[in-house]
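The structure file target_20.cif is reproduced below (mmCIF, C-alpha atoms).
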```
data_target
loop_
_atom_site.label_atom_id
_atom_site.label_comp_id
_atom_site.auth_asym_id
_atom_site.auth_seq_id
_atom_site.Cartn_x
_atom_site.Cartn_y
_atom_site.Cartn_z
CA MET D 174 122.25 -8.69 -26.02
CA PHE D 175 121.35 -7.71 -22.47
CA THR D 176 118.39 -5.46 -21.76
CA HIS D 177 118.05 -2.26 -19.74
CA ARG D 178 116.27 -4.24 -17.01
CA GLN D 179 118.98 -6.91 -16.85
CA ILE D 180 121.86 -4.44 -16.52
CA TRP D 181 120.20 -2.44 -13.74
CA GLY D 182 119.06 -5.69 -12.12
CA ALA D 183 122.66 -6.90 -12.08
CA LEU D 184 123.81 -3.68 -10.41
CA ASP D 185 121.11 -4.08 -7.76
CA ALA D 186 122.11 -7.73 -7.25
CA LEU D 187 125.79 -6.77 -6.93
CA ALA D 188 124.89 -4.14 -4.32
CA ALA D 189 122.85 -6.69 -2.36
CA ARG D 190 125.71 -9.19 -2.51
CA TYR D 191 127.85 -6.71 -0.56
CA SER D 192 124.98 -5.67 1.75
CA LEU D 193 124.74 -2.25 0.09
CA THR D 194 121.95 -0.14 -1.31
CA ALA D 195 122.23 1.22 -4.85
CA SER D 196 123.35 4.53 -3.29
CA GLY D 197 125.87 2.73 -1.09
CA LEU D 198 127.32 0.94 -4.10
CA ALA D 199 127.70 4.23 -5.97
CA LYS D 200 129.47 5.86 -3.01
CA LYS D 201 131.77 2.84 -2.58
CA ALA D 202 132.75 3.27 -6.24
CA GLY D 203 133.52 6.96 -5.71
CA LEU D 204 130.46 8.12 -7.65
CA ASP D 205 127.68 10.52 -6.74
CA ALA D 206 125.34 8.74 -4.33
CA THR D 207 122.38 9.20 -6.67
CA THR D 208 124.09 7.69 -9.74
CA PHE D 209 122.26 4.36 -9.52
CA ASN D 210 119.00 5.55 -7.98
CA LYS D 211 115.87 4.22 -9.64
CA SER D 212 114.83 7.78 -10.49
CA LYS D 213 117.99 8.11 -12.61
CA ARG D 214 117.24 5.05 -14.75
CA THR D 215 114.76 6.84 -16.98
CA THR D 216 114.48 10.44 -18.10
CA PRO D 217 111.46 12.59 -17.14
CA ASP D 218 109.99 11.89 -20.58
CA GLY D 219 110.36 8.11 -20.12
CA ARG D 220 113.53 7.39 -22.12
CA ARG D 221 115.86 4.78 -20.69
CA ARG D 222 119.19 5.74 -19.18
CA TRP D 223 122.06 3.25 -19.09
CA PRO D 224 125.02 3.11 -16.69
CA ASN D 225 128.18 4.06 -18.57
CA THR D 226 131.21 1.80 -18.88
CA GLU D 227 133.34 4.04 -16.65
CA SER D 228 130.81 3.73 -13.81
CA LEU D 229 130.66 -0.05 -14.23
CA ALA D 230 134.46 -0.28 -14.23
CA LYS D 231 134.62 1.72 -10.99
CA VAL D 232 132.01 -0.55 -9.39
CA LEU D 233 133.90 -3.72 -10.32
CA ASP D 234 137.17 -2.24 -9.05
CA ALA D 235 135.63 -1.05 -5.77
CA THR D 236 133.95 -4.38 -5.00
CA GLY D 237 136.72 -6.60 -6.32
CA SER D 238 134.20 -8.28 -8.60
CA SER D 239 135.08 -9.71 -12.00
CA LEU D 240 133.40 -8.90 -15.29
CA ASP D 241 132.37 -12.55 -15.51
CA GLU D 242 130.63 -12.22 -12.16
CA PHE D 243 128.72 -9.16 -13.35
CA LEU D 244 127.74 -10.93 -16.58
CA SER D 245 126.57 -13.86 -14.50
CA LEU D 246 124.36 -11.52 -12.47
CA MET D 247 122.90 -10.17 -15.71
CA SER D 248 122.13 -13.75 -16.70
CA ASP D 249 120.45 -14.27 -13.33
CA ALA D 250 118.31 -11.21 -14.05
CA ALA D 251 117.49 -12.68 -17.45
CA ILE D 252 116.17 -15.83 -15.80
CA GLY D 253 113.61 -13.79 -13.87
CA ARG D 254 111.66 -14.80 -10.82
CA GLY D 255 108.58 -15.72 -12.79
CA GLY D 256 110.27 -18.17 -15.14
CA PRO D 257 110.22 -21.98 -15.07
CA MET D 258 111.70 -23.64 -11.99
CA ARG D 259 113.53 -26.94 -11.50
CA LEU D 260 114.65 -28.91 -8.49
CA VAL D 261 118.39 -28.62 -7.92
CA PRO D 262 120.38 -31.02 -5.69
CA LEU D 263 121.30 -29.37 -2.37
CA ILE D 264 123.79 -30.44 0.27
CA GLY D 265 125.69 -28.76 3.09
CA LEU D 266 129.24 -27.66 2.36
CA ALA D 267 130.44 -29.58 5.42
CA GLN D 268 128.96 -32.79 3.97
CA ALA D 269 130.30 -32.26 0.46
CA GLY D 270 133.68 -33.83 1.17
CA ALA D 271 132.21 -37.22 2.02
CA GLY D 272 132.79 -40.06 -0.40
CA GLY D 273 130.16 -40.79 -3.02
CA ILE D 274 128.67 -37.29 -3.00
CA PHE D 275 130.29 -36.38 -6.34
CA ASP D 276 131.34 -38.51 -9.28
CA ASP D 277 134.79 -38.34 -10.88
CA ALA D 278 133.76 -35.35 -13.02
CA GLY D 279 132.55 -33.33 -10.02
CA PHE D 280 128.87 -33.83 -10.78
CA PRO D 281 126.37 -34.50 -7.95
CA ALA D 282 125.92 -38.22 -7.35
CA GLY D 283 124.99 -40.71 -4.69
CA THR D 284 122.68 -40.17 -1.73
CA GLY D 285 122.44 -37.50 0.93
CA TRP D 286 121.21 -34.74 -1.33
CA ASP D 287 118.15 -32.66 -0.55
CA GLU D 288 116.54 -30.45 -3.21
CA VAL D 289 115.85 -26.74 -3.65
CA ALA D 290 113.75 -25.00 -6.32
CA PHE D 291 115.76 -22.73 -8.61
CA PRO D 292 114.98 -20.98 -11.92
CA GLU D 293 115.81 -23.07 -14.98
CA ILE D 294 119.49 -22.89 -15.97
CA LYS D 295 121.29 -24.46 -18.93
CA ASP D 296 123.74 -26.62 -16.95
CA GLU D 297 121.96 -29.90 -16.25
CA ASN D 298 124.56 -30.76 -13.60
CA VAL D 299 124.12 -27.58 -11.55
CA TYR D 300 123.80 -28.07 -7.79
CA ALA D 301 123.49 -26.05 -4.58
CA LEU D 302 125.69 -25.94 -1.48
CA GLU D 303 124.62 -24.50 1.86
CA ILE D 304 127.39 -22.54 3.56
CA THR D 305 128.22 -23.46 7.15
CA GLY D 306 130.41 -21.58 9.62
CA ASP D 307 132.11 -18.21 9.31
CA SER D 308 135.23 -19.11 7.33
CA MET D 309 133.83 -17.38 4.22
CA MET D 310 132.72 -14.17 5.94
CA PRO D 311 131.95 -11.47 4.95
CA VAL D 312 131.11 -12.66 1.41
CA TYR D 313 129.18 -15.79 2.40
CA ARG D 314 127.48 -16.24 5.75
CA ASP D 315 126.30 -19.30 7.60
CA GLY D 316 123.10 -20.49 5.90
CA ASP D 317 123.72 -18.83 2.52
CA VAL D 318 123.13 -21.06 -0.49
CA VAL D 319 125.42 -20.92 -3.52
CA ILE D 320 124.60 -22.38 -6.93
CA VAL D 321 127.53 -24.18 -8.55
CA SER D 322 127.88 -24.90 -12.28
CA PRO D 323 130.44 -27.65 -12.93
CA ASN D 324 130.08 -27.25 -16.71
CA SER D 325 130.99 -23.54 -16.70
CA GLY D 326 134.61 -22.69 -17.35
CA VAL D 327 136.54 -20.98 -14.55
CA ARG D 328 138.63 -17.88 -15.00
CA ARG D 329 140.82 -15.67 -12.86
CA GLY D 330 138.69 -13.72 -10.38
CA ASP D 331 135.83 -16.23 -10.33
CA ARG D 332 134.34 -17.40 -7.06
CA VAL D 333 134.74 -21.15 -7.07
CA ILE D 334 134.23 -24.35 -5.14
CA ALA D 335 137.28 -26.61 -5.11
CA LYS D 336 137.59 -30.17 -3.87
CA THR D 337 140.90 -31.85 -3.11
CA LYS D 338 141.50 -35.55 -3.58
CA GLU D 339 141.70 -35.84 0.21
CA GLY D 340 138.05 -34.74 0.40
CA GLU D 341 138.46 -31.12 1.51
CA VAL D 342 135.85 -28.82 -0.06
CA MET D 343 136.33 -25.05 0.02
CA ALA D 344 134.88 -21.84 -1.43
CA LYS D 345 137.55 -19.41 -2.63
CA VAL D 346 138.43 -16.90 -5.34
CA LEU D 347 140.55 -18.21 -8.21
CA LYS D 348 143.64 -16.02 -8.35
CA ARG D 349 145.69 -17.99 -10.85
CA GLN D 350 145.76 -21.35 -12.59
CA THR D 351 148.88 -22.77 -14.21
CA ALA D 352 149.73 -26.09 -15.77
CA HIS D 353 150.83 -27.34 -12.35
CA HIS D 354 148.75 -25.69 -9.63
CA VAL D 355 145.90 -23.34 -8.72
CA GLU D 356 146.18 -20.35 -6.41
CA LEU D 357 143.07 -19.65 -4.33
CA VAL D 358 142.31 -16.54 -2.25
CA SER D 359 140.26 -16.79 0.95
CA PHE D 360 137.22 -14.55 1.49
CA ASN D 361 137.92 -14.31 5.21
CA ARG D 362 141.38 -12.85 5.71
CA GLU D 363 141.73 -14.73 8.99
CA HIS D 364 141.99 -17.88 6.88
CA PRO D 365 145.05 -18.52 4.72
CA ASP D 366 145.12 -18.46 0.94
CA ARG D 367 145.82 -21.81 -0.68
CA THR D 368 148.04 -23.11 -3.44
CA ILE D 369 147.05 -26.61 -4.55
CA GLU D 370 148.96 -28.81 -6.95
CA LEU D 371 146.76 -30.04 -9.80
CA LYS D 372 147.69 -33.62 -8.95
CA ASP D 373 146.06 -33.05 -5.55
CA LEU D 374 142.96 -31.30 -6.93
CA ASP D 375 139.88 -33.39 -7.62
CA TRP D 376 137.88 -30.66 -9.37
CA ILE D 377 137.07 -26.95 -9.38
CA ALA D 378 133.74 -25.37 -10.38
CA ARG D 379 132.34 -21.85 -10.67
CA ILE D 380 129.80 -20.32 -8.31
CA VAL D 381 127.18 -18.70 -10.56
CA TRP D 382 124.68 -17.42 -7.98
CA ALA D 383 124.30 -16.87 -4.24
CA SER D 384 121.20 -16.44 -2.09
CA GLN D 385 122.48 -13.33 -0.29
#
```
Kindly return the structure encoded in the file as structure tokens.
Amino acid sequence: MFTHRQIWGALDALAARYSLTASGLAKKAGLDATTFNKSKRTTPDGRRRWPNTESLAKVLDATGSSLDEFLSLMSDAAIGRGGPMRLVPLIGLAQAGAGGIFDDAGFPAGTGWDEVAFPEIKDENVYALEITGDSMMPVYRDGDVVIVSPNSGVRRGDRVIAKTKEGEVMAKVLKRQTAHHVELVSFNREHPDRTIELKDLDWIARIVWASQ
């Protein structure tokens, strides 16, 4: 069960992901600008207030975020900044398509990896990619770091990293997955969406956190 702190922390994290304040997120969702203000999170006598499901649904709809993404942000809040840390393999997205960087299962392997400290997470194969260029604007900017969990299942609406058998690595949104292909939506509308046959796809993994 998620706590009061985790739910509000996830809303704050979602706002930050879209370069918004809590008030800006509320207005984007068509709510009163003060709905998510810190002063509204407890009553004058100290009782906790919780965001209602209608407000959360409006936020997800307005930002185009999935419920899984919001739950992931609540998990991030559960980790906490003061918890145990571990070193996670880190490599640039532009380097990730080189041979020997990943094994056949899409786990980090070989040389060329740096390391970054990150709060402890259950997936022992988790790794970090540093975004380069502007092809993923406005969601991910040059220099942002995303944490990728190859052992987490992917669902429609998830932000994912996909690697083709030709070595192309890309960050997209999973629109649809069938028995024969995956449909991927680009963050930057100046770049085309992609449909990739499963026979041409090496692996696909979910982005569970971003440094924005």
For this session: Run the PyMOL selection byres ((chain D and resi 190-193) around 12) against the file shown and list the residues it catches, as number ranges by chain.
Result: D: 183-189, 194-202, 206, 209, 232-233, 235-238, 242-243, 246, 310-314, 317, 319, 382-385
Exercise. Using all atoms listed in the file, which residues sit within 10 Å of Leu240 of chain D once same-chain residues fewer than 6 positions away are excluded, as JSON, numbers by chain?
Worked result: {"D": [229, 230, 233, 234, 246, 330, 331]}
For this session: Provide the atom CA of Ile294 of chain D to atom CA of Arg259 of chain D distance in Å, to one decimal place.
Result: 8.5 Å
Quick one: residues within 10 Å of segment 343-358 of chain D, all atoms listed in the file, excluding same-chain residues fewer than 2 positions away - as a CSV table (one decimal) with C-alpha atoms, in the frame of the given file?
```
chain,number,residue,atom,x,y,z
D,266,LEU,CA,129.2,-27.7,2.4
D,267,ALA,CA,130.4,-29.6,5.4
D,269,ALA,CA,130.3,-32.3,0.5
D,270,GLY,CA,133.7,-33.8,1.2
D,304,ILE,CA,127.4,-22.5,3.6
D,308,SER,CA,135.2,-19.1,7.3
D,309,MET,CA,133.8,-17.4,4.2
D,313,TYR,CA,129.2,-15.8,2.4
D,319,VAL,CA,125.4,-20.9,-3.5
D,327,VAL,CA,136.5,-21.0,-14.6
D,328,ARG,CA,138.6,-17.9,-15.0
D,329,ARG,CA,140.8,-15.7,-12.9
D,330,GLY,CA,138.7,-13.7,-10.4
D,331,ASP,CA,135.8,-16.2,-10.3
D,332,ARG,CA,134.3,-17.4,-7.1
D,333,VAL,CA,134.7,-21.2,-7.1
D,334,ILE,CA,134.2,-24.4,-5.1
D,335,ALA,CA,137.3,-26.6,-5.1
D,336,LYS,CA,137.6,-30.2,-3.9
D,337,THR,CA,140.9,-31.8,-3.1
D,340,GLY,CA,138.0,-34.7,0.4
D,341,GLU,CA,138.5,-31.1,1.5
D,360,PHE,CA,137.2,-14.6,1.5
D,361,ASN,CA,137.9,-14.3,5.2
D,362,ARG,CA,141.4,-12.8,5.7
D,364,HIS,CA,142.0,-17.9,6.9
D,365,PRO,CA,145.0,-18.5,4.7
D,366,ASP,CA,145.1,-18.5,0.9
D,367,ARG,CA,145.8,-21.8,-0.7
D,368,THR,CA,148.0,-23.1,-3.4
D,369,ILE,CA,147.0,-26.6,-4.6
D,370,GLU,CA,149.0,-28.8,-7.0
D,371,LEU,CA,146.8,-30.0,-9.8
D,372,LYS,CA,147.7,-33.6,-9.0
D,373,ASP,CA,146.1,-33.0,-5.6
D,374,LEU,CA,143.0,-31.3,-6.9
D,377,ILE,CA,137.1,-27.0,-9.4
D,378,ALA,CA,133.7,-25.4,-10.4
D,379,ARG,CA,132.3,-21.8,-10.7
D,380,ILE,CA,129.8,-20.3,-8.3
```
Show me, as lines of an AutoDock Vina configuration file, the centre and edge lengths in Å to one decimal of the axis-aligned box that covers every listed atom of segment 325-344 of chain D with 8 Å on each side.
```
center_x = 136.3
center_y = -24.8
center_z = -7.9
size_x = 26.7
size_y = 38.1
size_z = 34.9
```
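Atom CA of Phe291 of chain D to atom CA of Asp241 of chain D spans 20.7 Å [interatomic distance, one decimal].
Nearest residue to Thr305 of chain D among D:Gly265, D:Gly272, D:Pro281, D:Gly326 is D:Gly265, counting all atoms listed in the file.
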Seminar exercise, completed: atom CA of Ala278 of chain D to atom CA of Trp376 of chain D measures 7.2 Å
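Checking D:Leu244, D:Trp286, D:Gly182, D:Glu339 one by one against Asn210 of chain D, counting only C-alpha atoms, you find the shortest gap at D:Gly182.
With the shown file loaded, the PyMOL selection byres ((chain D and resi 283) around 6) picks out Gly273, Ile274, Ala282 and Thr284 of chain D.
Of the listed residues D:Gly316, D:Gly279, D:Pro224, D:Gly285, the one whose atoms come nearest to Leu263 of chain D is D:Gly285, with distances taken using all atoms listed in the file.
Residue nearest Ile180 of chain D, chosen from D:Ile320, D:Val261, D:Arg214, D:Ser359 and counting only C-alpha atoms: D:Arg214.
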Would you mind writing segment 322-342 of chain D with N, CA and C atoms, as an mmCIF file, in the frame of the given file?
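Output below, filename result-v2.cif:
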```cif
data_model
loop_
_atom_site.group_PDB
_atom_site.id
_atom_site.type_symbol
_atom_site.label_atom_id
_atom_site.label_comp_id
_atom_site.auth_asym_id
_atom_site.auth_seq_id
_atom_site.Cartn_x
_atom_site.Cartn_y
_atom_site.Cartn_z
ATOM 1 N N SER D 322 128.018 -24.365 -10.921
ATOM 2 C CA SER D 322 127.880 -24.900 -12.280
ATOM 3 C C SER D 322 129.161 -25.601 -12.692
ATOM 4 N N PRO D 323 129.205 -26.936 -12.593
ATOM 5 C CA PRO D 323 130.440 -27.650 -12.930
ATOM 6 C C PRO D 323 130.781 -27.634 -14.418
ATOM 7 N N ASN D 324 129.812 -27.283 -15.272
ATOM 8 C CA ASN D 324 130.080 -27.250 -16.710
ATOM 9 C C ASN D 324 130.520 -25.878 -17.197
ATOM 10 N N SER D 325 130.527 -24.877 -16.315
ATOM 11 C CA SER D 325 130.990 -23.540 -16.700
ATOM 12 C C SER D 325 132.508 -23.464 -16.522
ATOM 13 N N GLY D 326 133.173 -22.870 -17.477
ATOM 14 C CA GLY D 326 134.610 -22.690 -17.350
ATOM 15 C C GLY D 326 134.947 -21.725 -16.226
ATOM 16 N N VAL D 327 136.114 -21.887 -15.622
ATOM 17 C CA VAL D 327 136.540 -20.980 -14.550
ATOM 18 C C VAL D 327 137.669 -20.099 -15.062
ATOM 19 N N ARG D 328 137.626 -18.847 -14.609
ATOM 20 C CA ARG D 328 138.630 -17.880 -15.000
ATOM 21 C C ARG D 328 139.143 -17.136 -13.764
ATOM 22 N N ARG D 329 140.239 -16.462 -13.941
ATOM 23 C CA ARG D 329 140.820 -15.670 -12.860
ATOM 24 C C ARG D 329 139.777 -14.677 -12.325
ATOM 25 N N GLY D 330 139.646 -14.617 -11.011
ATOM 26 C CA GLY D 330 138.690 -13.720 -10.380
ATOM 27 C C GLY D 330 137.348 -14.350 -10.075
ATOM 28 N N ASP D 331 137.094 -15.555 -10.601
ATOM 29 C CA ASP D 331 135.830 -16.230 -10.330
ATOM 30 C C ASP D 331 135.777 -16.720 -8.893
ATOM 31 N N ARG D 332 134.578 -16.711 -8.321
ATOM 32 C CA ARG D 332 134.340 -17.400 -7.060
ATOM 33 C C ARG D 332 134.086 -18.863 -7.394
ATOM 34 N N VAL D 333 134.774 -19.740 -6.691
ATOM 35 C CA VAL D 333 134.740 -21.150 -7.070
ATOM 36 C C VAL D 333 134.589 -22.043 -5.838
ATOM 37 N N ILE D 334 134.160 -23.267 -6.103
ATOM 38 C CA ILE D 334 134.230 -24.350 -5.140
ATOM 39 C C ILE D 334 135.301 -25.313 -5.626
ATOM 40 N N ALA D 335 136.211 -25.672 -4.752
ATOM 41 C CA ALA D 335 137.280 -26.610 -5.110
ATOM 42 C C ALA D 335 137.255 -27.796 -4.158
ATOM 43 N N LYS D 336 137.537 -28.959 -4.692
ATOM 44 C CA LYS D 336 137.590 -30.170 -3.870
ATOM 45 C C LYS D 336 138.927 -30.862 -4.094
ATOM 46 N N THR D 337 139.633 -31.141 -3.005
ATOM 47 C CA THR D 337 140.900 -31.850 -3.110
ATOM 48 C C THR D 337 140.653 -33.355 -3.122
ATOM 49 N N LYS D 338 141.638 -34.096 -3.537
ATOM 50 C CA LYS D 338 141.500 -35.550 -3.580
ATOM 51 C C LYS D 338 141.439 -36.161 -2.177
ATOM 52 N N GLU D 339 141.827 -35.378 -1.168
ATOM 53 C CA GLU D 339 141.700 -35.840 0.210
ATOM 54 C C GLU D 339 140.304 -35.608 0.773
ATOM 55 N N GLY D 340 139.434 -34.945 -0.019
ATOM 56 C CA GLY D 340 138.050 -34.740 0.400
ATOM 57 C C GLY D 340 137.743 -33.386 0.985
ATOM 58 N N GLU D 341 138.717 -32.463 0.998
ATOM 59 C CA GLU D 341 138.460 -31.120 1.510
ATOM 60 C C GLU D 341 137.726 -30.305 0.448
ATOM 61 N N VAL D 342 136.633 -29.656 0.850
ATOM 62 C CA VAL D 342 135.850 -28.820 -0.060
ATOM 63 C C VAL D 342 135.893 -27.391 0.459
#
```
